[in-house]
Amino acid sequence: MTDSTSPDIKALIAQASRVLAQLEAWLPPAPPRIDWSAHAYRWRRRGSRGWLDAVGHVASINLDDLQHIERQKEIIERNTLHFLHGKPANNVLMTGARGTGKSSLVKAMLAAHGKDGLRLIEVDKADLGDLPEIVELVAGRPERYLVFCDDLSFEEGEAGYKALKSVLDGSVASAGENVLIYATSNRRHLMPEYMSENLQARHQPDGEIHPGETVEEKISLSERFGLWLSFYPFKQDDYLDIVRYWLGQLGCPPEAIEASRAEALQWALERGSRSGRVAKQFARDWAARHG
């Protein structure tokens with residue numbers, strides 16, 4: 001049996017094969033398979049492809065490690081337990097002073113309830129446009145997923161704003177029953193506000209004030225979170241309590257803990273913040289020198 005393919009056809013096929021090989025070299029590799037046994041994921045994107053990347057070593061923090069935010073802990077744990085048990089639960093926006101335990105509280109929820117099927121998906125603000133795709137990926141899974149957006153804020157015209165608003169708003173692309181969004185921000189209304197926008201406010205004959213459309217648009221995203229939790233800077237005594245707690249956790253003897261007060265206050269003064277994060281950073285330094 002002879003090969004009836006003409007030389008021209010053979011040359012064309014060979015050329016096409018070379019072109020395909022060159023194209024494959026430029027294409028991003030296929031995303032890896034999702035490890036559904038993991039407790040935490042990061043949403044990764046390469047080109048037009050996104051995937052859930054399992055976190056090998058999850059930062060673990062216990063609820064007891066978070067001091068002087070008892071009310072916030074109680075509210076978010078109650079909401080998370082409702083979510084885990086299939087009861088109605090709210091998306092959560094945590095706002096306020098930096099270093100006061102907002103993101104740590106979300107990680108503590110995973111540490112406390114990961115064994116019960118709670119999972120965490122961390123999504124960067126730049127990738128919020130992929131939220132509908134993430135929701136679709138986990139739809140039908142038996143686990144319960146917290147989509148975590150840390151340090152959330154938007155500038156004018158950012159695409160992620162509309163995607164997040166749609167998912168929170170119960171649109172066609174809304175989150176499934178096994179997905180909640182927990183977000184942290186230093187800015188309560190998530191978008192910058194300008195003095196000129198307040199001039200758009202309308203005064204009604206009965207004295208009622210209606211904000212301008214631009215202001216209403218910016219406030220509306222925050223209002224789509226069912227729970228707002230505010231975090232405040234710690235008082236001096238609270239800050240020192242947290243320092244003592246972490247020094248004890250790090251194995252400092254009682255006399256070294258008592259001797260730390262003046263330097264702990266100086267440490268906070270130099271950093272311009274009496275936060276839990278600053279207290280823990282000081283405790284690490286002091287424990288290394290006096291433990």
# chains A, B, ... in the order shown; residues from 1 in each chain; ligands from 1

$ residues_around --residues "His57 (chain A)" --least-positions-apart "4" --cutoff "12 Å" --atoms "only C-alpha atoms" --output "JSON, numbers by chain"
{"A": [38, 39, 40, 41, 42]}

$ write_last_selection --atoms "N, CA, C and O atoms" --output "PDB file, in the first residue's frame"
ATOM      1  N   ALA A  38      -7.445  19.775  51.480  1.00  0.00           N
ATOM      2  CA  ALA A  38      -6.841  20.922  52.168  1.00  0.00           C
ATOM      3  C   ALA A  38      -7.910  21.716  52.923  1.00  0.00           C
ATOM      4  O   ALA A  38      -9.099  21.660  52.592  1.00  0.00           O
ATOM      5  N   HIS A  39      -7.452  22.460  53.929  1.00  0.00           N
ATOM      6  CA  HIS A  39      -8.367  23.304  54.704  1.00  0.00           C
ATOM      7  C   HIS A  39      -8.373  24.758  54.223  1.00  0.00           C
ATOM      8  O   HIS A  39      -9.323  25.486  54.518  1.00  0.00           O
ATOM      9  N   ALA A  40      -7.326  25.177  53.533  1.00  0.00           N
ATOM     10  CA  ALA A  40      -7.235  26.576  53.091  1.00  0.00           C
ATOM     11  C   ALA A  40      -6.664  26.622  51.676  1.00  0.00           C
ATOM     12  O   ALA A  40      -5.835  25.781  51.290  1.00  0.00           O
ATOM     13  N   TYR A  41      -7.118  27.632  50.925  1.00  0.00           N
ATOM     14  CA  TYR A  41      -6.701  27.794  49.534  1.00  0.00           C
ATOM     15  C   TYR A  41      -6.432  29.259  49.245  1.00  0.00           C
ATOM     16  O   TYR A  41      -6.970  30.147  49.909  1.00  0.00           O
ATOM     17  N   ARG A  42      -5.589  29.484  48.253  1.00  0.00           N
ATOM     18  CA  ARG A  42      -5.461  30.808  47.650  1.00  0.00           C
ATOM     19  C   ARG A  42      -5.941  30.713  46.211  1.00  0.00           C
ATOM     20  O   ARG A  42      -5.648  29.744  45.522  1.00  0.00           O
TER      21      ARG A  42
END

$ residues_around --residues "Trp267 (chain A)" --least-positions-apart "3" --cutoff "12 Å" --atoms "only C-alpha atoms" --output "ChimeraX atom specification"
/A:239-240,243,260-264,270-275,277-283,285-286

$ select_by_dssp --residues "region 36-131 of chain A" --states "strand (DSSP E or B)" --output "short mmCIF file (atom, residue, chain, number, x, y, z; two decimals) with N, CA and C atoms, in the first residue's frame"
data_model
loop_
_atom_site.label_atom_id
_atom_site.label_comp_id
_atom_site.auth_asym_id
_atom_site.auth_seq_id
_atom_site.Cartn_x
_atom_site.Cartn_y
_atom_site.Cartn_z
N ALA A 40 -7.33 25.18 53.53
CA ALA A 40 -7.23 26.58 53.09
C ALA A 40 -6.66 26.62 51.68
N TYR A 41 -7.12 27.63 50.93
CA TYR A 41 -6.70 27.79 49.53
C TYR A 41 -6.43 29.26 49.24
N ARG A 42 -5.59 29.48 48.25
CA ARG A 42 -5.46 30.81 47.65
C ARG A 42 -5.94 30.71 46.21
N TRP A 43 -6.66 31.73 45.77
CA TRP A 43 -7.08 31.77 44.37
C TRP A 43 -5.92 32.33 43.56
N ARG A 44 -5.42 31.52 42.63
CA ARG A 44 -4.30 31.91 41.78
C ARG A 44 -4.80 32.16 40.37
N ARG A 45 -4.11 33.05 39.67
CA ARG A 45 -4.47 33.33 38.28
C ARG A 45 -3.20 33.41 37.44
N ARG A 46 -3.26 32.75 36.28
CA ARG A 46 -2.18 32.84 35.30
C ARG A 46 -2.81 33.00 33.93
N ARG A 49 -6.50 31.79 33.11
CA ARG A 49 -6.88 30.64 33.91
C ARG A 49 -6.72 30.93 35.39
N GLY A 50 -7.68 30.47 36.18
CA GLY A 50 -7.58 30.59 37.62
C GLY A 50 -7.84 29.25 38.28
N TRP A 51 -7.30 29.04 39.47
CA TRP A 51 -7.49 27.78 40.16
C TRP A 51 -7.32 27.97 41.66
N LEU A 52 -7.81 26.99 42.42
CA LEU A 52 -7.66 26.97 43.87
C LEU A 52 -6.36 26.26 44.21
N ASP A 53 -5.44 27.00 44.80
CA ASP A 53 -4.13 26.47 45.16
C ASP A 53 -4.13 26.15 46.67
N ALA A 54 -3.99 24.88 47.00
CA ALA A 54 -4.03 24.46 48.40
C ALA A 54 -2.86 25.06 49.17
N VAL A 92 -19.78 39.09 56.24
CA VAL A 92 -19.26 39.92 57.32
C VAL A 92 -18.22 40.89 56.78
N LEU A 93 -18.34 42.15 57.20
CA LEU A 93 -17.34 43.18 56.93
C LEU A 93 -16.76 43.65 58.26
N MET A 94 -15.44 43.48 58.42
CA MET A 94 -14.75 43.91 59.63
C MET A 94 -13.90 45.13 59.32
N THR A 95 -14.14 46.21 60.03
CA THR A 95 -13.44 47.46 59.75
C THR A 95 -12.83 48.01 61.02
N GLY A 96 -11.82 48.85 60.84
CA GLY A 96 -11.26 49.53 61.99
C GLY A 96 -9.76 49.55 62.00
N LEU A 118 -15.29 23.41 57.83
CA LEU A 118 -15.10 24.80 57.39
C LEU A 118 -13.82 24.89 56.57
N ARG A 119 -13.87 25.65 55.47
CA ARG A 119 -12.72 25.85 54.61
C ARG A 119 -12.56 27.35 54.32
N LEU A 120 -11.34 27.74 53.97
CA LEU A 120 -11.04 29.16 53.73
C LEU A 120 -10.44 29.32 52.34
N ILE A 121 -10.96 30.29 51.59
CA ILE A 121 -10.39 30.63 50.28
C ILE A 121 -9.99 32.10 50.32
N GLU A 122 -8.70 32.36 50.23
CA GLU A 122 -8.21 33.74 50.25
C GLU A 122 -8.14 34.28 48.82
#

$ closest_residue --among "A:Leu168, A:Thr100, A:His113, A:Ser6" --to "Pro132 (chain A)" --atoms "only C-alpha atoms"
A:Leu168

$ residues_around --residues "Ser60 (chain A)" --least-positions-apart "6" --cutoff "12 Å" --atoms "only C-alpha atoms" --output "JSON list (two decimals) with N, CA, C and O atoms, in the first residue's frame"
[["chain", "number", "residue", "atom", "x", "y", "z"],
["A", 39, "HIS", "N", -7.45, 22.46, 53.93],
["A", 39, "HIS", "CA", -8.37, 23.30, 54.70],
["A", 39, "HIS", "C", -8.37, 24.76, 54.22],
["A", 39, "HIS", "O", -9.32, 25.49, 54.52],
["A", 40, "ALA", "N", -7.33, 25.18, 53.53],
["A", 40, "ALA", "CA", -7.23, 26.58, 53.09],
["A", 40, "ALA", "C", -6.66, 26.62, 51.68],
["A", 40, "ALA", "O", -5.83, 25.78, 51.29],
["A", 103, "SER", "N", -8.15, 40.11, 60.57],
["A", 103, "SER", "CA", -7.82, 38.92, 59.76],
["A", 103, "SER", "C", -7.49, 37.73, 60.65],
["A", 103, "SER", "O", -7.79, 36.58, 60.29],
["A", 104, "SER", "N", -6.91, 37.96, 61.82],
["A", 104, "SER", "CA", -6.60, 36.85, 62.73],
["A", 104, "SER", "C", -7.87, 36.15, 63.19],
["A", 104, "SER", "O", -7.88, 34.93, 63.41],
["A", 105, "LEU", "N", -8.95, 36.90, 63.31],
["A", 105, "LEU", "CA", -10.22, 36.32, 63.75],
["A", 105, "LEU", "C", -10.75, 35.35, 62.70],
["A", 105, "LEU", "O", -11.30, 34.29, 63.03],
["A", 106, "VAL", "N", -10.57, 35.67, 61.43],
["A", 106, "VAL", "CA", -11.00, 34.76, 60.37],
["A", 106, "VAL", "C", -10.17, 33.48, 60.40],
["A", 106, "VAL", "O", -10.69, 32.36, 60.29],
["A", 107, "LYS", "N", -8.85, 33.63, 60.57],
["A", 107, "LYS", "CA", -7.98, 32.45, 60.64],
["A", 107, "LYS", "C", -8.30, 31.60, 61.88],
["A", 107, "LYS", "O", -8.19, 30.37, 61.85],
["A", 108, "ALA", "N", -8.69, 32.27, 62.96],
["A", 108, "ALA", "CA", -9.06, 31.53, 64.17],
["A", 108, "ALA", "C", -10.32, 30.72, 63.95],
["A", 108, "ALA", "O", -10.48, 29.63, 64.52],
["A", 109, "MET", "N", -11.25, 31.22, 63.13],
["A", 109, "MET", "CA", -12.44, 30.45, 62.80],
["A", 109, "MET", "C", -12.06, 29.15, 62.09],
["A", 109, "MET", "O", -12.62, 28.08, 62.37],
["A", 110, "LEU", "N", -11.10, 29.24, 61.17],
["A", 110, "LEU", "CA", -10.66, 28.04, 60.47],
["A", 110, "LEU", "C", -9.99, 27.06, 61.42],
["A", 110, "LEU", "O", -10.24, 25.85, 61.37],
["A", 111, "ALA", "N", -9.14, 27.58, 62.32],
["A", 111, "ALA", "CA", -8.46, 26.71, 63.27],
["A", 111, "ALA", "C", -9.46, 26.00, 64.19],
["A", 111, "ALA", "O", -9.29, 24.83, 64.54],
["A", 112, "ALA", "N", -10.52, 26.71, 64.57],
["A", 112, "ALA", "CA", -11.49, 26.15, 65.50],
["A", 112, "ALA", "C", -12.45, 25.17, 64.84],
["A", 112, "ALA", "O", -12.89, 24.20, 65.47],
["A", 113, "HIS", "N", -12.77, 25.41, 63.57],
["A", 113, "HIS", "CA", -13.86, 24.65, 62.95],
["A", 113, "HIS", "C", -13.48, 23.94, 61.65],
["A", 113, "HIS", "O", -14.35, 23.41, 60.96],
["A", 114, "GLY", "N", -12.19, 23.93, 61.32],
["A", 114, "GLY", "CA", -11.76, 23.21, 60.12],
["A", 114, "GLY", "C", -12.11, 21.74, 60.18],
["A", 114, "GLY", "O", -12.47, 21.12, 59.17]]

$ atom_distance --atom1 "CA of Gly129 (chain A)" --atom2 "CA of Tyr145 (chain A)"
17.7 Å

$ residues_around --residues "region 223-230 of chain A" --least-positions-apart "3" --cutoff "10 Å" --atoms "only C-alpha atoms" --output "VMD selection string"
chain A and resid 69 71 to 73 75 to 76 79 89 to 97 100 102 164 to 170 181 to 186 188 to 189 218 to 220

$ residues_around --residues "Arg141 (chain A)" --least-positions-apart "6" --cutoff "12 Å" --atoms "only C-alpha atoms" --output "list in words"
Trp36, Ser37, Gly117, Leu118, Arg119, Val135, Gly176, Glu177, Asn178 and Val179 of chain A
